[in-house]
$ cat input07.csv   # CSV, N, CA and C atoms
chain,number,residue,atom,x,y,z
A,220,ILE,N,3.6,-9.9,-6.8
A,220,ILE,CA,3.0,-8.6,-6.9
A,220,ILE,C,3.5,-7.7,-5.8
A,221,GLY,N,3.6,-8.3,-4.6
A,221,GLY,CA,4.1,-7.6,-3.5
A,221,GLY,C,5.5,-7.1,-3.6
A,222,PHE,N,6.4,-8.0,-4.1
A,222,PHE,CA,7.7,-7.6,-4.4
A,222,PHE,C,7.8,-6.4,-5.4
A,223,LEU,N,7.0,-6.5,-6.4
A,223,LEU,CA,7.0,-5.5,-7.5
A,223,LEU,C,6.5,-4.2,-6.9
A,224,LYS,N,5.5,-4.2,-6.1
A,224,LYS,CA,5.0,-2.9,-5.5
A,224,LYS,C,6.0,-2.3,-4.6
A,225,GLN,N,6.7,-3.2,-3.8
A,225,GLN,CA,7.8,-2.7,-3.0
A,225,GLN,C,8.9,-2.1,-3.8
A,226,ALA,N,9.2,-2.8,-4.9
A,226,ALA,CA,10.3,-2.3,-5.8
A,226,ALA,C,9.9,-0.9,-6.4
A,227,GLN,N,8.6,-0.7,-6.7
A,227,GLN,CA,8.1,0.6,-7.2
A,227,GLN,C,8.3,1.7,-6.1
A,228,LYS,N,8.0,1.3,-4.9
A,228,LYS,CA,8.2,2.2,-3.8
A,228,LYS,C,9.7,2.6,-3.6
A,229,ALA,N,10.5,1.6,-3.7
A,229,ALA,CA,12.0,1.8,-3.5
A,229,ALA,C,12.5,2.7,-4.6
A,230,HIS,N,12.0,2.5,-5.9
A,230,HIS,CA,12.4,3.3,-7.0
A,230,HIS,C,12.0,4.8,-6.7
A,231,ALA,N,10.8,5.0,-6.2
A,231,ALA,CA,10.3,6.3,-6.0
A,231,ALA,C,11.1,7.0,-4.9
A,232,GLU,N,11.7,6.2,-4.0
A,232,GLU,CA,12.6,6.7,-2.9
A,232,GLU,C,14.0,6.8,-3.4
A,233,LYS,N,14.3,6.4,-4.6
A,233,LYS,CA,15.6,6.4,-5.2
A,233,LYS,C,16.5,5.4,-4.5
A,234,ASN,N,16.0,4.4,-4.0
A,234,ASN,CA,16.7,3.3,-3.3
A,234,ASN,C,16.9,2.2,-4.3
A,235,TYR,N,17.8,2.4,-5.2
A,235,TYR,CA,18.0,1.4,-6.3
A,235,TYR,C,18.5,0.1,-5.9
A,236,ALA,N,19.3,0.0,-4.9
A,236,ALA,CA,19.8,-1.2,-4.4
A,236,ALA,C,18.7,-2.1,-3.9
A,237,VAL,N,17.8,-1.6,-3.2
A,237,VAL,CA,16.6,-2.3,-2.7
A,237,VAL,C,15.7,-2.7,-3.8
A,238,MET,N,15.5,-1.8,-4.8
A,238,MET,CA,14.7,-2.0,-5.9
A,238,MET,C,15.3,-3.2,-6.7
A,239,ASN,N,16.5,-3.3,-6.9
A,239,ASN,CA,17.1,-4.4,-7.7
A,239,ASN,C,17.1,-5.7,-6.9
A,240,GLU,N,17.2,-5.6,-5.6
A,240,GLU,CA,17.1,-6.8,-4.8
A,240,GLU,C,15.7,-7.4,-4.9
A,241,LEU,N,14.7,-6.5,-4.8
A,241,LEU,CA,13.3,-7.0,-5.0
A,241,LEU,C,13.0,-7.5,-6.3
A,242,LEU,N,13.5,-6.8,-7.4
A,242,LEU,CA,13.3,-7.3,-8.7
A,242,LEU,C,13.9,-8.7,-9.0
A,243,ASN,N,15.1,-8.9,-8.3
A,243,ASN,CA,15.7,-10.2,-8.4
A,243,ASN,C,14.8,-11.3,-7.8
A,244,LYS,N,14.1,-10.9,-6.7
A,244,LYS,CA,13.2,-11.9,-6.0
A,244,LYS,C,12.0,-12.1,-7.0
A,245,VAL,N,11.6,-11.1,-7.7
A,245,VAL,CA,10.5,-11.3,-8.7
A,245,VAL,C,10.9,-12.3,-9.7
A,246,GLN,N,12.1,-12.1,-10.2
A,246,GLN,CA,12.6,-13.1,-11.2
A,246,GLN,C,12.6,-14.5,-10.7
A,247,ASN,N,13.0,-14.7,-9.5
A,247,ASN,CA,13.1,-16.0,-8.9
A,247,ASN,C,11.7,-16.6,-8.8
A,248,VAL,N,10.7,-15.8,-8.4
A,248,VAL,CA,9.3,-16.3,-8.3
A,248,VAL,C,8.8,-16.7,-9.7
A,249,LEU,N,9.1,-15.8,-10.7
A,249,LEU,CA,8.6,-16.1,-12.1
A,249,LEU,C,9.3,-17.4,-12.6
A,250,TRP,N,10.6,-17.6,-12.3
A,250,TRP,CA,11.3,-18.8,-12.7
A,250,TRP,C,10.6,-20.0,-12.0
A,251,GLU,N,10.2,-19.9,-10.7
A,251,GLU,CA,9.6,-21.0,-10.1
A,251,GLU,C,8.2,-21.3,-10.7
A,252,LEU,N,7.5,-20.3,-11.1
A,252,LEU,CA,6.2,-20.5,-11.8
A,252,LEU,C,6.5,-21.3,-13.1
A,253,THR,N,7.5,-20.9,-13.8
A,253,THR,CA,7.8,-21.5,-15.1
A,253,THR,C,8.2,-23.0,-14.9
A,254,THR,N,9.1,-23.3,-13.9
A,254,THR,CA,9.5,-24.6,-13.7
A,254,THR,C,8.4,-25.5,-13.2
A,255,GLY,N,7.4,-24.9,-12.6
A,255,GLY,CA,6.3,-25.7,-12.1
A,255,GLY,C,5.2,-26.0,-13.1
A,256,LEU,N,5.3,-25.6,-14.3
A,256,LEU,CA,4.3,-25.8,-15.3
A,256,LEU,C,4.2,-27.3,-15.7
A,257,ASN,N,3.0,-27.8,-15.9
A,257,ASN,CA,2.8,-29.1,-16.3
A,257,ASN,C,2.5,-29.0,-17.8
A,258,TYR,N,3.4,-29.4,-18.7
A,258,TYR,CA,3.2,-29.2,-20.1
A,258,TYR,C,2.3,-30.3,-20.7
A,259,GLU,N,2.0,-31.3,-19.9
A,259,GLU,CA,1.0,-32.3,-20.3
A,259,GLU,C,-0.4,-31.6,-20.3
A,260,ALA,N,-0.6,-30.5,-19.7
A,260,ALA,CA,-1.9,-29.8,-19.7
A,260,ALA,C,-2.2,-29.2,-21.0
A,261,GLY,N,-1.2,-29.1,-21.9
A,261,GLY,CA,-1.4,-28.6,-23.2
A,261,GLY,C,-1.1,-27.1,-23.5
A,262,GLU,N,-1.8,-26.5,-24.3
A,262,GLU,CA,-1.5,-25.2,-24.8
A,262,GLU,C,-1.5,-24.1,-23.7
A,263,ILE,N,-2.3,-24.3,-22.7
A,263,ILE,CA,-2.3,-23.3,-21.6
A,263,ILE,C,-0.9,-23.2,-20.9
A,264,ALA,N,-0.3,-24.4,-20.7
A,264,ALA,CA,1.0,-24.4,-20.1
A,264,ALA,C,2.1,-23.7,-21.0
A,265,TYR,N,2.0,-23.9,-22.3
A,265,TYR,CA,2.9,-23.3,-23.2
A,265,TYR,C,2.7,-21.8,-23.3
A,266,ASN,N,1.4,-21.4,-23.2
A,266,ASN,CA,1.1,-19.9,-23.2
A,266,ASN,C,1.6,-19.3,-21.9
A,267,LEU,N,1.4,-19.9,-20.8
A,267,LEU,CA,1.9,-19.4,-19.5
A,267,LEU,C,3.4,-19.3,-19.5
A,268,ASP,N,4.1,-20.3,-20.1
A,268,ASP,CA,5.5,-20.3,-20.2
A,268,ASP,C,6.0,-19.1,-21.0
A,269,ALA,N,5.4,-18.8,-22.1
A,269,ALA,CA,5.7,-17.7,-22.9
A,269,ALA,C,5.5,-16.4,-22.1
A,270,LEU,N,4.4,-16.3,-21.4
A,270,LEU,CA,4.1,-15.1,-20.6
A,270,LEU,C,5.1,-14.9,-19.5
A,271,TYR,N,5.3,-16.0,-18.8
A,271,TYR,CA,6.3,-15.9,-17.6
A,271,TYR,C,7.7,-15.5,-18.2
A,272,ASN,N,8.1,-16.0,-19.3
A,272,ASN,CA,9.4,-15.7,-19.8
A,272,ASN,C,9.5,-14.2,-20.3
A,273,TYR,N,8.4,-13.8,-20.8
A,273,TYR,CA,8.3,-12.3,-21.2
A,273,TYR,C,8.4,-11.4,-20.0
A,274,MET,N,7.7,-11.8,-18.9
A,274,MET,CA,7.7,-11.0,-17.7
A,274,MET,C,9.1,-11.0,-17.1
A,275,ILE,N,9.8,-12.2,-17.2
A,275,ILE,CA,11.2,-12.2,-16.7
A,275,ILE,C,12.1,-11.3,-17.5
A,276,ARG,N,11.9,-11.3,-18.8
A,276,ARG,CA,12.7,-10.3,-19.6
A,276,ARG,C,12.4,-8.9,-19.3
A,277,ARG,N,11.2,-8.6,-19.0
A,277,ARG,CA,10.8,-7.2,-18.6
A,277,ARG,C,11.4,-6.8,-17.3
A,278,VAL,N,11.4,-7.7,-16.3
A,278,VAL,CA,12.1,-7.4,-15.0
A,278,VAL,C,13.6,-7.2,-15.2
A,279,ILE,N,14.2,-8.1,-16.1
A,279,ILE,CA,15.6,-7.9,-16.3
A,279,ILE,C,15.9,-6.5,-17.0
A,280,ASP,N,15.0,-6.1,-17.9
A,280,ASP,CA,15.1,-4.8,-18.5
A,280,ASP,C,15.0,-3.7,-17.4
A,281,ALA,N,14.2,-3.9,-16.4
A,281,ALA,CA,14.1,-2.9,-15.3
A,281,ALA,C,15.4,-2.8,-14.6
A,282,VAL,N,15.9,-3.9,-14.2
A,282,VAL,CA,17.2,-4.0,-13.5
A,282,VAL,C,18.3,-3.4,-14.3
A,283,TYR,N,18.4,-3.8,-15.6
A,283,TYR,CA,19.5,-3.4,-16.4
A,283,TYR,C,19.5,-1.9,-16.7
A,284,ASN,N,18.3,-1.4,-16.9
A,284,ASN,CA,18.1,0.1,-17.3
A,284,ASN,C,17.8,0.9,-16.1
A,285,ASN,N,17.8,0.3,-14.9
A,285,ASN,CA,17.5,1.1,-13.6
A,285,ASN,C,16.3,1.9,-13.8
A,286,THR,N,15.2,1.3,-14.3
A,286,THR,CA,13.9,1.9,-14.4
A,286,THR,C,12.8,1.1,-13.9
A,287,ILE,N,11.7,1.6,-13.6
A,287,ILE,CA,10.6,0.9,-13.0
A,287,ILE,C,9.4,0.6,-13.9
A,288,GLU,N,9.4,1.3,-15.1
A,288,GLU,CA,8.3,1.1,-16.0
A,288,GLU,C,8.0,-0.3,-16.4
A,289,PRO,N,9.0,-1.2,-16.7
A,289,PRO,CA,8.7,-2.6,-17.0
A,289,PRO,C,8.0,-3.3,-15.9
A,290,ALA,N,8.3,-2.9,-14.6
A,290,ALA,CA,7.7,-3.5,-13.5
A,290,ALA,C,6.2,-3.2,-13.4
A,291,HIS,N,5.8,-2.0,-13.8
A,291,HIS,CA,4.4,-1.6,-13.9
A,291,HIS,C,3.6,-2.6,-14.8
A,292,GLU,N,4.2,-2.9,-15.9
A,292,GLU,CA,3.6,-3.8,-16.9
A,292,GLU,C,3.5,-5.2,-16.3
A,293,VAL,N,4.5,-5.7,-15.7
A,293,VAL,CA,4.5,-7.0,-15.1
A,293,VAL,C,3.4,-7.1,-14.0
A,294,VAL,N,3.3,-6.0,-13.2
A,294,VAL,CA,2.2,-6.0,-12.1
A,294,VAL,C,0.8,-6.2,-12.8
A,295,GLY,N,0.6,-5.5,-13.9
A,295,GLY,CA,-0.6,-5.6,-14.6
A,295,GLY,C,-0.9,-7.0,-15.1
A,296,TYR,N,0.1,-7.7,-15.6
A,296,TYR,CA,-0.1,-9.1,-16.1
A,296,TYR,C,-0.4,-10.0,-14.9
A,297,LEU,N,0.4,-9.8,-13.8
A,297,LEU,CA,0.2,-10.7,-12.7
A,297,LEU,C,-1.2,-10.5,-12.0
A,298,GLU,N,-1.6,-9.3,-11.9
A,298,GLU,CA,-2.9,-9.0,-11.3
A,298,GLU,C,-4.0,-9.6,-12.2
A,299,GLU,N,-3.9,-9.5,-13.5
A,299,GLU,CA,-4.8,-10.1,-14.4
A,299,GLU,C,-4.9,-11.7,-14.2
A,300,LEU,N,-3.7,-12.3,-14.1
A,300,LEU,CA,-3.6,-13.7,-13.9
A,300,LEU,C,-4.2,-14.1,-12.6
A,301,ARG,N,-4.0,-13.3,-11.5
A,301,ARG,CA,-4.5,-13.6,-10.2
A,301,ARG,C,-6.1,-13.6,-10.3
A,302,GLU,N,-6.6,-12.5,-10.9
A,302,GLU,CA,-8.0,-12.4,-11.1
A,302,GLU,C,-8.6,-13.6,-11.9
A,303,THR,N,-7.9,-14.0,-12.9
A,303,THR,CA,-8.4,-15.2,-13.7
A,303,THR,C,-8.5,-16.4,-12.8
A,304,TRP,N,-7.4,-16.7,-12.1
A,304,TRP,CA,-7.4,-17.9,-11.2
A,304,TRP,C,-8.4,-17.8,-10.1
A,305,GLN,N,-8.7,-16.6,-9.6
A,305,GLN,CA,-9.7,-16.4,-8.6
A,305,GLN,C,-11.1,-16.8,-9.2
A,306,ASN,N,-11.3,-16.3,-10.4
A,306,ASN,CA,-12.6,-16.6,-11.1
A,306,ASN,C,-12.8,-18.1,-11.3
A,307,ILE,N,-11.7,-18.7,-11.7
A,307,ILE,CA,-11.8,-20.2,-11.9
A,307,ILE,C,-12.1,-20.9,-10.6
A,308,LEU,N,-11.4,-20.5,-9.6
A,308,LEU,CA,-11.7,-21.2,-8.3
A,308,LEU,C,-13.1,-20.9,-7.8
A,309,GLN,N,-13.6,-19.7,-8.0
A,309,GLN,CA,-15.0,-19.4,-7.6
A,309,GLN,C,-16.0,-20.3,-8.4
A,310,LYS,N,-15.7,-20.5,-9.7
A,310,LYS,CA,-16.7,-21.3,-10.5
A,310,LYS,C,-16.6,-22.7,-10.1
A,311,GLN,N,-15.5,-23.2,-9.6
A,311,GLN,CA,-15.4,-24.6,-9.2
A,311,GLN,C,-16.0,-24.9,-7.8
A,312,SER,N,-16.2,-23.8,-7.0
A,312,SER,CA,-16.7,-24.1,-5.7
A,312,SER,C,-18.2,-23.8,-5.6
$ encode --input "input07.csv" --output "structure tokens"
Amino acid sequence: IGFLKQAQKAHAEKNYAVMNELLNKVQNVLWELTTGLNYEAGEIAYNLDALYNYMIRRVIDAVYNNTIEPAHEVVGYLEELRETWQNILQKQS
């Protein structure tokens, strides 16, 4: 989320090289999340895989088209996931 917000700021400042560098970092993080999935956990892992891959494609769209709108969408998904995980952790403690 931090890299995406920094990329949004770089785009607003028309610093496209920095924006693309940050979006590449976002792709790497999303790939790490994907490779870290435990598919033995069942449907949730497959759903997360699909979501992570969709977000990766959206970030690639942002880089390819030199636009930031797809990054806004990805921030929304990641913030929602973060909130969901926080709720799960709260319920467990």
$ closest_residue --input "input07.csv" --among "A:Leu241, A:Asn285, A:Gln311, A:Ala260" --to "Gly221 (chain A)" --atoms "all atoms listed in the file"
A:Leu241
$ atom_distance --input "input07.csv" --atom1 "atom C of Asn272 (chain A)" --atom2 "atom C of Asn243 (chain A)"
13.9 Å
$ residues_around --input "input07.csv" --residues "Ile287 (chain A)" --least-positions-apart "4" --cutoff "8 Å" --atoms "all atoms listed in the file" --output "ChimeraX atom specification"
/A:226-227,230-231,280-282,291-292
$ atom_distance --input "input07.csv" --atom1 "CA of Asn306 (chain A)" --atom2 "CA of Leu270 (chain A)"
19.3 Å
$ decode --input "input07.csv" --residues "region 243-292 of chain A" --atoms "C-alpha atoms" --output "JSON list (two decimals), in the first residue's frame"
[["chain", "number", "residue", "atom", "x", "y", "z"],
["A", 243, "ASN", "CA", 7.52, -2.67, -10.15],
["A", 244, "LYS", "CA", 8.11, -3.03, -6.40],
["A", 245, "VAL", "CA", 4.36, -3.50, -5.95],
["A", 246, "GLN", "CA", 4.42, -6.28, -8.55],
["A", 247, "ASN", "CA", 7.25, -7.99, -6.68],
["A", 248, "VAL", "CA", 5.34, -7.83, -3.39],
["A", 249, "LEU", "CA", 2.22, -9.25, -5.02],
["A", 250, "TRP", "CA", 4.26, -12.06, -6.59],
["A", 251, "GLU", "CA", 5.69, -12.86, -3.15],
["A", 252, "LEU", "CA", 2.18, -13.02, -1.71],
["A", 253, "THR", "CA", 1.15, -15.34, -4.52],
["A", 254, "THR", "CA", 4.10, -17.69, -4.12],
["A", 255, "GLY", "CA", 3.56, -17.80, -0.36],
["A", 256, "LEU", "CA", 0.04, -19.17, -0.61],
["A", 257, "ASN", "CA", -0.67, -22.55, 0.93],
["A", 258, "TYR", "CA", -3.04, -24.25, -1.51],
["A", 259, "GLU", "CA", -3.71, -26.99, 1.02],
["A", 260, "ALA", "CA", -5.80, -24.36, 2.83],
["A", 261, "GLY", "CA", -8.40, -24.79, 0.12],
["A", 262, "GLU", "CA", -10.64, -22.35, -1.67],
["A", 263, "ILE", "CA", -9.39, -19.26, 0.17],
["A", 264, "ALA", "CA", -5.89, -19.77, -1.25],
["A", 265, "TYR", "CA", -7.22, -20.13, -4.79],
["A", 266, "ASN", "CA", -9.37, -17.02, -4.38],
["A", 267, "LEU", "CA", -6.41, -15.04, -3.07],
["A", 268, "ASP", "CA", -4.30, -16.32, -5.97],
["A", 269, "ALA", "CA", -6.88, -15.03, -8.44],
["A", 270, "LEU", "CA", -7.11, -11.68, -6.66],
["A", 271, "TYR", "CA", -3.33, -11.24, -6.45],
["A", 272, "ASN", "CA", -2.95, -12.10, -10.13],
["A", 273, "TYR", "CA", -5.68, -9.63, -11.05],
["A", 274, "MET", "CA", -3.92, -6.92, -9.04],
["A", 275, "ILE", "CA", -0.62, -7.75, -10.75],
["A", 276, "ARG", "CA", -2.30, -7.33, -14.15],
["A", 277, "ARG", "CA", -3.75, -3.97, -13.05],
["A", 278, "VAL", "CA", -0.33, -2.76, -11.92],
["A", 279, "ILE", "CA", 1.14, -3.87, -15.26],
["A", 280, "ASP", "CA", -1.66, -1.90, -16.98],
["A", 281, "ALA", "CA", -0.65, 1.18, -14.99],
["A", 282, "VAL", "CA", 3.00, 0.83, -16.04],
["A", 283, "TYR", "CA", 2.22, 0.01, -19.67],
["A", 284, "ASN", "CA", -0.29, 2.85, -20.09],
["A", 285, "ASN", "CA", 1.60, 5.30, -17.87],
["A", 286, "THR", "CA", -1.52, 5.93, -15.82],
["A", 287, "ILE", "CA", -2.28, 5.70, -12.11],
["A", 288, "GLU", "CA", -5.98, 4.77, -12.11],
["A", 289, "PRO", "CA", -5.35, 1.00, -11.87],
["A", 290, "ALA", "CA", -3.18, 1.65, -8.82],
["A", 291, "HIS", "CA", -6.13, 3.33, -7.06],
["A", 292, "GLU", "CA", -8.13, 0.16, -7.59]]
